[in-house]
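Dropping query08.pdb in here (PDB, C-alpha atoms):
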ATOM      1  CA  MET A 749    -185.434 -36.982  64.660
ATOM      2  CA  ILE A 750    -182.404 -39.012  63.668
ATOM      3  CA  ASP A 751    -179.330 -36.852  63.106
ATOM      4  CA  LYS A 752    -177.759 -38.447  60.059
ATOM      5  CA  THR A 753    -174.833 -35.988  60.189
ATOM      6  CA  ILE A 754    -173.395 -38.055  63.043
ATOM      7  CA  ALA A 755    -170.925 -40.608  61.712
ATOM      8  CA  TYR A 756    -172.022 -44.225  61.649
ATOM      9  CA  LYS A 757    -170.203 -46.707  63.869
ATOM     10  CA  SER A 758    -171.467 -50.133  64.834
ATOM     11  CA  ILE A 759    -172.369 -50.410  68.528
ATOM     12  CA  ILE A 760    -173.169 -53.614  70.404
ATOM     13  CA  MET A 761    -174.788 -53.354  73.828
ATOM     14  CA  ARG A 762    -175.510 -56.215  76.226
ATOM     15  CA  CYS A 763    -177.727 -56.516  79.282
ATOM     16  CA  ASP A 764    -176.470 -59.106  81.750
ATOM     17  CA  ARG A 765    -178.884 -58.040  84.476
ATOM     18  CA  ILE A 766    -182.019 -55.945  83.956
ATOM     19  CA  ASP A 767    -182.309 -52.776  86.024
ATOM     20  CA  LYS A 768    -186.015 -52.742  86.781
ATOM     21  CA  SER A 769    -185.825 -49.285  88.319
ATOM     22  CA  ALA A 770    -185.988 -48.064  84.696
ATOM     23  CA  TYR A 771    -189.366 -49.720  84.104
ATOM     24  CA  THR A 772    -192.460 -47.616  83.524
ATOM     25  CA  GLU A 773    -196.112 -48.278  82.747
ATOM     26  CA  PRO A 774    -198.155 -46.835  79.865
ATOM     27  CA  ASP A 775    -200.266 -43.846  80.840
ATOM     28  CA  PHE A 776    -204.028 -44.022  80.409
ATOM     29  CA  GLY A 777    -203.879 -42.457  76.948
ATOM     30  CA  VAL A 778    -201.918 -45.245  75.246
ATOM     31  CA  GLU A 779    -201.967 -49.027  75.042
ATOM     32  CA  ILE A 780    -199.675 -51.858  73.979
ATOM     33  CA  VAL A 781    -200.818 -53.769  70.889
ATOM     34  CA  PHE A 782    -199.198 -56.954  69.607
ATOM     35  CA  PHE A 783    -198.506 -57.513  65.923
ATOM     36  CA  LYS A 784    -201.148 -59.217  63.807
ATOM     37  CA  GLN A 785    -200.881 -60.274  60.200
ATOM     38  CA  GLY A 786    -201.493 -57.251  57.989
ATOM     39  CA  MET A 787    -199.746 -54.783  60.311
ATOM     40  CA  GLU A 788    -196.586 -54.721  58.219
ATOM     41  CA  SER A 789    -197.653 -51.347  56.831
ATOM     42  CA  VAL A 790    -198.165 -50.025  60.367
ATOM     43  CA  TRP A 791    -194.565 -50.951  61.211
ATOM     44  CA  ALA A 792    -193.389 -49.214  58.047
ATOM     45  CA  GLU A 793    -195.394 -46.072  58.888
ATOM     46  CA  VAL A 794    -193.973 -45.870  62.415
ATOM     47  CA  GLN A 795    -190.393 -46.401  61.259
ATOM     48  CA  LYS A 796    -190.791 -43.763  58.558
ATOM     49  CA  GLY A 797    -192.294 -41.368  61.081
ATOM     50  CA  ALA A 798    -189.271 -41.926  63.327
ATOM     51  CA  GLY A 799    -186.845 -40.990  60.559
ATOM     52  CA  GLU A 800    -185.796 -44.473  59.519
ATOM     53  CA  PHE A 801    -185.787 -45.634  55.878
ATOM     54  CA  ALA A 802    -185.795 -41.994  54.765
ATOM     55  CA  GLU A 803    -185.107 -42.802  51.128
ATOM     56  CA  CYS A 804    -187.494 -45.759  50.918
ATOM     57  CA  THR A 805    -191.138 -46.008  49.952
ATOM     58  CA  GLU A 806    -193.635 -47.687  52.263
ATOM     59  CA  GLU A 807    -193.727 -50.645  49.874
ATOM     60  CA  GLU A 808    -189.952 -51.044  50.136
ATOM     61  CA  ILE A 809    -190.068 -50.913  53.939
ATOM     62  CA  VAL A 810    -192.855 -53.494  54.040
ATOM     63  CA  SER A 811    -190.807 -55.698  51.723
ATOM     64  CA  TYR A 812    -187.809 -55.426  54.062
ATOM     65  CA  PHE A 813    -189.934 -56.284  57.100
ATOM     66  CA  THR A 814    -191.541 -59.259  55.365
ATOM     67  CA  LYS A 815    -188.208 -60.689  54.231
ATOM     68  CA  ARG A 816    -186.600 -60.062  57.625
ATOM     69  CA  PHE A 817    -189.363 -61.238  59.953
ATOM     70  CA  GLY A 818    -192.339 -62.429  57.930
ATOM     71  CA  THR A 819    -191.488 -66.122  57.910
ATOM     72  CA  ALA A 820    -192.006 -66.277  61.676
ATOM     73  CA  GLN A 821    -195.586 -65.029  62.038
ATOM     74  CA  GLN A 822    -196.251 -66.782  65.337
ATOM     75  CA  GLU A 823    -193.097 -65.310  66.869
ATOM     76  CA  LEU A 824    -194.013 -61.869  65.555
ATOM     77  CA  GLU A 825    -197.406 -62.032  67.231
ATOM     78  CA  GLN A 826    -195.698 -62.721  70.553
ATOM     79  CA  ARG A 827    -192.650 -60.459  70.187
ATOM     80  CA  CYS A 828    -193.456 -57.433  68.011
ATOM     81  CA  ILE A 829    -195.295 -54.681  69.849
ATOM     82  CA  PHE A 830    -196.774 -51.291  69.044
ATOM     83  CA  LEU A 831    -197.784 -48.361  71.201
ATOM     84  CA  LYS A 832    -201.159 -46.970  70.180
ATOM     85  CA  GLU A 833    -202.894 -43.747  71.164
ATOM     86  CA  LYS A 834    -206.339 -44.731  72.442
ATOM     87  CA  LYS A 835    -208.200 -41.553  71.523
ATOM     88  CA  THR A 836    -207.019 -41.263  67.927
ATOM     89  CA  GLY A 837    -206.080 -44.868  67.133
ATOM     90  CA  VAL A 838    -202.723 -43.616  65.881
ATOM     91  CA  TYR A 839    -199.776 -45.992  66.220
ATOM     92  CA  ILE A 840    -196.899 -43.992  67.667
ATOM     93  CA  GLY A 841    -194.110 -46.473  68.395
ATOM     94  CA  THR A 842    -192.843 -50.019  68.005
ATOM     95  CA  CYS A 843    -190.174 -52.442  69.210
ATOM     96  CA  ILE A 844    -189.371 -56.137  68.717
ATOM     97  CA  ALA A 845    -188.149 -58.687  71.267
ATOM     98  CA  TRP A 846    -186.344 -60.833  68.710
ATOM     99  CA  PHE A 847    -183.459 -63.306  68.601
ATOM    100  CA  GLU A 848    -180.295 -63.674  66.514
ATOM    101  CA  PRO A 849    -177.567 -66.315  66.122
ATOM    102  CA  LYS A 850    -174.456 -66.143  68.264
ATOM    103  CA  GLY A 851    -172.210 -69.100  67.635
ATOM    104  CA  GLU A 852    -174.346 -72.211  67.906
ATOM    105  CA  GLU A 853    -177.154 -70.624  69.891
ATOM    106  CA  ASN A 854    -179.765 -67.920  69.464
ATOM    107  CA  VAL A 855    -179.629 -64.941  71.803
ATOM    108  CA  PRO A 856    -182.391 -62.450  72.652
ATOM    109  CA  VAL A 857    -182.017 -59.138  70.830
ATOM    110  CA  LEU A 858    -183.934 -55.889  71.270
ATOM    111  CA  HIS A 859    -184.734 -54.783  67.715
ATOM    112  CA  TRP A 860    -186.026 -51.716  65.893
ATOM    113  CA  LEU A 861    -187.127 -49.424  68.728
ATOM    114  CA  ALA A 862    -188.870 -46.454  67.126
ATOM    115  CA  VAL A 863    -191.172 -43.623  68.199
ATOM    116  CA  LYS A 864    -192.578 -41.176  65.681
ATOM    117  CA  ASP A 865    -190.893 -37.775  65.847
ATOM    118  CA  ALA A 866    -194.233 -36.107  66.616
ATOM    119  CA  TYR A 867    -194.414 -38.116  69.856
ATOM    120  CA  ALA A 868    -190.757 -37.927  70.887
ATOM    121  CA  ASN A 869    -189.549 -36.968  74.375
ATOM    122  CA  ARG A 870    -192.739 -38.077  76.124
ATOM    123  CA  GLY A 871    -191.393 -41.269  77.685
ATOM    124  CA  TYR A 872    -192.938 -43.587  75.101
ATOM    125  CA  ALA A 873    -189.636 -45.234  74.186
ATOM    126  CA  ARG A 874    -189.208 -46.210  77.848
ATOM    127  CA  VAL A 875    -192.682 -47.770  77.827
ATOM    128  CA  LEU A 876    -191.787 -49.849  74.768
ATOM    129  CA  VAL A 877    -188.453 -51.025  76.160
ATOM    130  CA  THR A 878    -190.155 -51.947  79.444
ATOM    131  CA  GLU A 879    -192.663 -54.141  77.618
ATOM    132  CA  VAL A 880    -189.946 -55.786  75.512
ATOM    133  CA  MET A 881    -187.903 -56.563  78.615
ATOM    134  CA  ASN A 882    -191.024 -58.110  80.174
ATOM    135  CA  ILE A 883    -191.342 -60.341  77.100
ATOM    136  CA  PHE A 884    -187.706 -61.380  77.421
ATOM    137  CA  GLU A 885    -188.178 -62.185  81.100
ATOM    138  CA  LYS A 886    -190.980 -64.570  80.202
ATOM    139  CA  SER A 887    -189.457 -66.157  77.109
ATOM    140  CA  ASN A 888    -185.686 -65.876  77.623
ATOM    141  CA  SER A 889    -185.308 -65.705  81.400
ATOM    142  CA  GLY A 890    -181.697 -65.547  82.555
ATOM    143  CA  GLN A 891    -180.187 -65.017  79.114
ATOM    144  CA  LYS A 892    -178.032 -62.037  78.243
ATOM    145  CA  ILE A 893    -179.914 -59.616  75.983
ATOM    146  CA  TYR A 894    -178.228 -57.834  73.089
ATOM    147  CA  LEU A 895    -178.927 -54.899  70.810
ATOM    148  CA  HIS A 896    -177.249 -53.153  67.900
ATOM    149  CA  THR A 897    -177.271 -49.384  67.501
ATOM    150  CA  GLN A 898    -175.201 -46.416  66.320
ATOM    151  CA  PRO A 899    -174.032 -43.015  67.655
ATOM    152  CA  CYS A 900    -176.876 -40.998  66.098
ATOM    153  CA  SER A 901    -179.157 -42.839  68.538
ATOM    154  CA  TYR A 902    -177.290 -41.419  71.548
ATOM    155  CA  LYS A 903    -180.546 -40.548  73.342
ATOM    156  CA  ALA A 904    -181.705 -44.159  73.012
ATOM    157  CA  ILE A 905    -178.277 -45.375  74.135
ATOM    158  CA  LYS A 906    -178.705 -43.465  77.393
ATOM    159  CA  LEU A 907    -182.147 -45.072  77.764
ATOM    160  CA  TYR A 908    -180.753 -48.549  77.111
ATOM    161  CA  ASN A 909    -178.045 -47.948  79.699
ATOM    162  CA  ASP A 910    -180.760 -47.096  82.240
ATOM    163  CA  PHE A 911    -182.209 -50.596  81.709
ATOM    164  CA  GLY A 912    -178.838 -52.273  82.268
ATOM    165  CA  PHE A 913    -177.534 -52.459  78.707
ATOM    166  CA  CYS A 914    -173.785 -51.846  78.641
ATOM    167  CA  MET A 915    -171.460 -50.981  75.796
ATOM    168  CA  THR A 916    -169.439 -54.042  74.835
ATOM    169  CA  LYS A 917    -165.782 -53.561  73.929
ATOM    170  CA  THR A 918    -165.412 -56.760  71.896
ATOM    171  CA  ASP A 919    -168.550 -58.904  72.209
ATOM    172  CA  THR A 920    -170.974 -59.164  69.307
ATOM    173  CA  TYR A 921    -173.554 -61.471  67.710
ATOM    174  CA  GLY A 922    -174.649 -62.469  64.244
ATOM    175  CA  THR A 923    -172.598 -60.666  61.602
ATOM    176  CA  ALA A 924    -172.460 -57.302  63.372
ATOM    177  CA  VAL A 925    -169.053 -55.715  63.896
ATOM    178  CA  ASN A 926    -168.043 -53.956  67.107
ATOM    179  CA  GLU A 927    -166.561 -50.456  66.773
ATOM    180  CA  TYR A 928    -166.482 -49.597  70.456
ATOM    181  CA  ILE A 929    -163.490 -47.234  70.547
ATOM    182  CA  GLU A 930    -164.594 -45.185  67.551
ATOM    183  CA  ALA A 931    -168.199 -45.048  68.754
ATOM    184  CA  MET A 932    -167.284 -43.893  72.255
ATOM    185  CA  ALA A 933    -165.215 -41.042  70.827
ATOM    186  CA  ILE A 934    -168.286 -39.833  68.938
ATOM    187  CA  LEU A 935    -170.731 -40.345  71.812
ATOM    188  CA  GLU A 936    -168.551 -38.234  74.106
ATOM    189  CA  LYS A 937    -169.342 -35.220  71.903
ATOM    190  CA  TYR A 938    -173.115 -35.607  72.101
ATOM    191  CA  MET A 939    -174.019 -37.131  75.456
ATOM    192  CA  THR A 940    -174.063 -35.270  78.750
ATOM    193  CA  ASP A 941    -170.963 -35.722  80.900
ATOM    194  CA  GLU A 942    -172.960 -37.732  83.442
ATOM    195  CA  SER A 943    -174.488 -40.078  80.867
ATOM    196  CA  TYR A 944    -171.197 -40.572  79.036
ATOM    197  CA  LYS A 945    -169.256 -41.317  82.217
ATOM    198  CA  LYS A 946    -171.843 -43.900  83.263
ATOM    199  CA  LEU A 947    -171.668 -45.471  79.805
ATOM    200  CA  LEU A 948    -167.882 -45.607  80.012
ATOM    201  CA  GLN A 949    -167.796 -46.973  83.550
ATOM    202  CA  THR A 950    -170.331 -49.713  82.829
ATOM    203  CA  SER A 951    -168.685 -50.910  79.604
ATOM    204  CA  VAL A 952    -168.004 -54.659  79.481
ATOM    205  CA  LEU A 953    -165.952 -57.017  77.353
TER     206      LEU A 953
END

What do you get writing this file as structure tokens?
Amino acid sequence: MIDKTIAYKSIIMRCDRIDKSAYTEPDFGVEIVFFKQGMESVWAEVQKGAGEFAECTEEEIVSYFTKRFGTAQQELEQRCIFLKEKKTGVYIGTCIAWFEPKGEENVPVLHWLAVKDAYANRGYARVLVTEVMNIFEKSNSGQKIYLHTQPCSYKAIKLYNDFGFCMTKTDTYGTAVNEYIEAMAILEKYMTDESYKKLLQTSVL
């Protein structure tokens, strides 16, 4: 569940070197499924179930997804993944190994990690991030990987940090702003002392 009472601040994280000790494999009850045309509604359902797009209809979420990613179908089929429960066929999570402009180049960006609230705290987000990092290793080997998030996702921020993503003090990509100082002040209130200290100590420019 996303706690929308936590103030929004724009956070940029960057992974210069992947920490593979954070990797995990799917258990026997779930499987990774890659996006196929027509699964836009599945993405919308998962995001809605994770607390995103709370005020939007499924049609509006699908429209956003199509405008944002739909012109690159081949890339989507290689970079957008879902986690599916084998027994029920229910899709429980998603993540995208995408790319965004930074200056004159495109950089790899971890996008739209989501796990339905009903399946939270079972390690599924770690499975999704592991698979996305595997995709990046194959398609963007050696490049720094970015992501954009906010303080209400403090549990995910701890997870990202496990994989080697560090808070950036000034760096950014695309049109995203960096509100490092303000964000860290908020995160200190919600993260454990150990997780916050690690986040602080690993921060980069």

Spell out the residues picked by the PyMOL selection byres ((chain A and resi 930) around 10) here, as a ChimeraX atom specification. /A:755-759,899,926-929,931-935

Near Ser789 in chain A, within 12 Å and counting all atoms listed in the file, which residues show up once chain neighbours fewer than 2 positions away are dropped, as JSON, numbers by chain? {"A": [783, 784, 785, 786, 787, 791, 792, 793, 794, 795, 796, 805, 806, 807, 808, 809, 810, 811, 812, 813, 814, 839]}

Polymer residues at most 12 Å from Val838 in chain A, only C-alpha atoms, same-chain spacing of 5 or more positions, as a PyMOL selection string: chain A and resi 777-781+790-791+793-794+797+830-833+863-864+866-867

To one decimal place in Å, what is the distance between CA of Gly841 in chain A and CA of Thr923 in chain A?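 CA of Thr923 in chain A lies at a distance of 26.7 Å from CA of Gly841 in chain A.
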
Who sits within 12 Å of Arg874 in chain A, all atoms listed in the file, same chain under 6 positions skipped, as JSON, numbers by chain: {"A": [768, 769, 770, 771, 772, 773, 774, 775, 831, 841, 842, 843, 861, 862, 863, 868, 880, 881, 903, 904, 905, 906, 907, 908, 909, 910, 911]}

One decimal, Å: what's the distance from CA of Ile893 in chain A over to CA of Glu942 in chain A, could you say?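 Value for the CA of Ile893 in chain A-CA of Glu942 in chain A distance: 24.1 Å.
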
Minimum-distance residue to Gly912 in chain A, chosen among A:Thr897, A:Ser951, A:Thr940, A:Gln826 (using only C-alpha atoms):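 Between A:Thr897, A:Ser951, A:Thr940, A:Gln826, the residue approaching Gly912 in chain A most closely is A:Ser951.
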
Hey, could you pull the box centre and edge lengths for range 885-888 of chain A, axis-aligned, 3 Å padding per side, all listed atoms, to one decimal in Å, as JSON?
{"center_x": -188.3, "center_y": -64.2, "center_z": 79.1, "size_x": 11.3, "size_y": 10.0, "size_z": 10.0}

CA of Ile754 in chain A to CA of Gln898 in chain A: how many Å, to one decimal?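 For CA of Ile754 in chain A relative to CA of Gln898 in chain A, the distance reads 9.2 Å.
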
Evaluate the PyMOL selection byres ((chain A and resi 922) around 8) and report residues as number ranges by chain: A: 848-851, 920-921, 923-924

Test item: the PyMOL selection byres ((chain A and resi 764) around 10) resolved as a PDB file with C-alpha atoms, keeping the file's coordinate frame:
ATOM      1  CA  MET A 761    -174.788 -53.354  73.828  1.00  0.00           C
ATOM      2  CA  ARG A 762    -175.510 -56.215  76.226  1.00  0.00           C
ATOM      3  CA  CYS A 763    -177.727 -56.516  79.282  1.00  0.00           C
ATOM      4  CA  ARG A 765    -178.884 -58.040  84.476  1.00  0.00           C
ATOM      5  CA  ILE A 766    -182.019 -55.945  83.956  1.00  0.00           C
ATOM      6  CA  ASP A 767    -182.309 -52.776  86.024  1.00  0.00           C
ATOM      7  CA  GLY A 890    -181.697 -65.547  82.555  1.00  0.00           C
ATOM      8  CA  GLN A 891    -180.187 -65.017  79.114  1.00  0.00           C
ATOM      9  CA  LYS A 892    -178.032 -62.037  78.243  1.00  0.00           C
ATOM     10  CA  ILE A 893    -179.914 -59.616  75.983  1.00  0.00           C
ATOM     11  CA  TYR A 894    -178.228 -57.834  73.089  1.00  0.00           C
ATOM     12  CA  GLY A 912    -178.838 -52.273  82.268  1.00  0.00           C
ATOM     13  CA  PHE A 913    -177.534 -52.459  78.707  1.00  0.00           C
ATOM     14  CA  CYS A 914    -173.785 -51.846  78.641  1.00  0.00           C
ATOM     15  CA  VAL A 952    -168.004 -54.659  79.481  1.00  0.00           C
TER      16      VAL A 952
END

Long-range neighbours of Thr950 in chain A as a PDB file with C-alpha atoms, in the coordinates of the input, 8 Å cut-off, only C-alpha atoms, 3 positions minimum in chain:
ATOM      1  CA  CYS A 914    -173.785 -51.846  78.641  1.00  0.00           C
ATOM      2  CA  MET A 915    -171.460 -50.981  75.796  1.00  0.00           C
ATOM      3  CA  LYS A 946    -171.843 -43.900  83.263  1.00  0.00           C
ATOM      4  CA  LEU A 947    -171.668 -45.471  79.805  1.00  0.00           C
TER       5      LEU A 947
END

Residue completion, range 803-818 of chain A, N, CA, C and O atoms, as a PDB file, in the frame of the given file:
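Everything below was put into result-v2.pdb:
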ATOM      1  N   GLU A 803    -185.114 -42.799  52.593  1.00  0.00           N
ATOM      2  CA  GLU A 803    -185.107 -42.802  51.128  1.00  0.00           C
ATOM      3  C   GLU A 803    -185.996 -43.897  50.539  1.00  0.00           C
ATOM      4  O   GLU A 803    -186.038 -44.069  49.316  1.00  0.00           O
ATOM      5  N   CYS A 804    -186.703 -44.613  51.391  1.00  0.00           N
ATOM      6  CA  CYS A 804    -187.494 -45.759  50.918  1.00  0.00           C
ATOM      7  C   CYS A 804    -188.978 -45.438  50.869  1.00  0.00           C
ATOM      8  O   CYS A 804    -189.486 -44.623  51.646  1.00  0.00           O
ATOM      9  N   THR A 805    -189.686 -46.103  49.984  1.00  0.00           N
ATOM     10  CA  THR A 805    -191.138 -46.008  49.952  1.00  0.00           C
ATOM     11  C   THR A 805    -191.713 -46.953  50.998  1.00  0.00           C
ATOM     12  O   THR A 805    -191.014 -47.841  51.510  1.00  0.00           O
ATOM     13  N   GLU A 806    -192.988 -46.788  51.301  1.00  0.00           N
ATOM     14  CA  GLU A 806    -193.635 -47.687  52.263  1.00  0.00           C
ATOM     15  C   GLU A 806    -193.584 -49.121  51.762  1.00  0.00           C
ATOM     16  O   GLU A 806    -193.356 -50.055  52.546  1.00  0.00           O
ATOM     17  N   GLU A 807    -193.762 -49.306  50.455  1.00  0.00           N
ATOM     18  CA  GLU A 807    -193.727 -50.645  49.874  1.00  0.00           C
ATOM     19  C   GLU A 807    -192.361 -51.302  50.084  1.00  0.00           C
ATOM     20  O   GLU A 807    -192.264 -52.499  50.374  1.00  0.00           O
ATOM     21  N   GLU A 808    -191.299 -50.521  49.947  1.00  0.00           N
ATOM     22  CA  GLU A 808    -189.952 -51.044  50.136  1.00  0.00           C
ATOM     23  C   GLU A 808    -189.699 -51.419  51.593  1.00  0.00           C
ATOM     24  O   GLU A 808    -189.038 -52.418  51.881  1.00  0.00           O
ATOM     25  N   ILE A 809    -190.238 -50.617  52.517  1.00  0.00           N
ATOM     26  CA  ILE A 809    -190.068 -50.913  53.939  1.00  0.00           C
ATOM     27  C   ILE A 809    -190.836 -52.172  54.311  1.00  0.00           C
ATOM     28  O   ILE A 809    -190.339 -53.035  55.042  1.00  0.00           O
ATOM     29  N   VAL A 810    -192.050 -52.294  53.795  1.00  0.00           N
ATOM     30  CA  VAL A 810    -192.855 -53.494  54.040  1.00  0.00           C
ATOM     31  C   VAL A 810    -192.142 -54.715  53.492  1.00  0.00           C
ATOM     32  O   VAL A 810    -192.111 -55.785  54.130  1.00  0.00           O
ATOM     33  N   SER A 811    -191.545 -54.587  52.320  1.00  0.00           N
ATOM     34  CA  SER A 811    -190.807 -55.698  51.723  1.00  0.00           C
ATOM     35  C   SER A 811    -189.638 -56.107  52.603  1.00  0.00           C
ATOM     36  O   SER A 811    -189.398 -57.307  52.810  1.00  0.00           O
ATOM     37  N   TYR A 812    -188.918 -55.125  53.147  1.00  0.00           N
ATOM     38  CA  TYR A 812    -187.809 -55.426  54.062  1.00  0.00           C
ATOM     39  C   TYR A 812    -188.326 -56.179  55.282  1.00  0.00           C
ATOM     40  O   TYR A 812    -187.760 -57.208  55.680  1.00  0.00           O
ATOM     41  N   PHE A 813    -189.381 -55.669  55.896  1.00  0.00           N
ATOM     42  CA  PHE A 813    -189.934 -56.284  57.100  1.00  0.00           C
ATOM     43  C   PHE A 813    -190.370 -57.722  56.829  1.00  0.00           C
ATOM     44  O   PHE A 813    -190.090 -58.633  57.627  1.00  0.00           O
ATOM     45  N   THR A 814    -191.037 -57.932  55.704  1.00  0.00           N
ATOM     46  CA  THR A 814    -191.541 -59.259  55.365  1.00  0.00           C
ATOM     47  C   THR A 814    -190.398 -60.249  55.155  1.00  0.00           C
ATOM     48  O   THR A 814    -190.451 -61.389  55.633  1.00  0.00           O
ATOM     49  N   LYS A 815    -189.356 -59.814  54.463  1.00  0.00           N
ATOM     50  CA  LYS A 815    -188.208 -60.689  54.231  1.00  0.00           C
ATOM     51  C   LYS A 815    -187.459 -60.970  55.530  1.00  0.00           C
ATOM     52  O   LYS A 815    -186.951 -62.072  55.746  1.00  0.00           O
ATOM     53  N   ARG A 816    -187.385 -59.945  56.389  1.00  0.00           N
ATOM     54  CA  ARG A 816    -186.600 -60.062  57.625  1.00  0.00           C
ATOM     55  C   ARG A 816    -187.322 -60.855  58.702  1.00  0.00           C
ATOM     56  O   ARG A 816    -186.718 -61.627  59.439  1.00  0.00           O
ATOM     57  N   PHE A 817    -188.621 -60.646  58.837  1.00  0.00           N
ATOM     58  CA  PHE A 817    -189.363 -61.238  59.953  1.00  0.00           C
ATOM     59  C   PHE A 817    -190.583 -62.062  59.555  1.00  0.00           C
ATOM     60  O   PHE A 817    -191.120 -62.816  60.368  1.00  0.00           O
ATOM     61  N   GLY A 818    -191.034 -61.908  58.321  1.00  0.00           N
ATOM     62  CA  GLY A 818    -192.339 -62.429  57.930  1.00  0.00           C
ATOM     63  C   GLY A 818    -192.493 -63.929  57.917  1.00  0.00           C
ATOM     64  O   GLY A 818    -193.619 -64.436  57.908  1.00  0.00           O
TER      65      GLY A 818
END
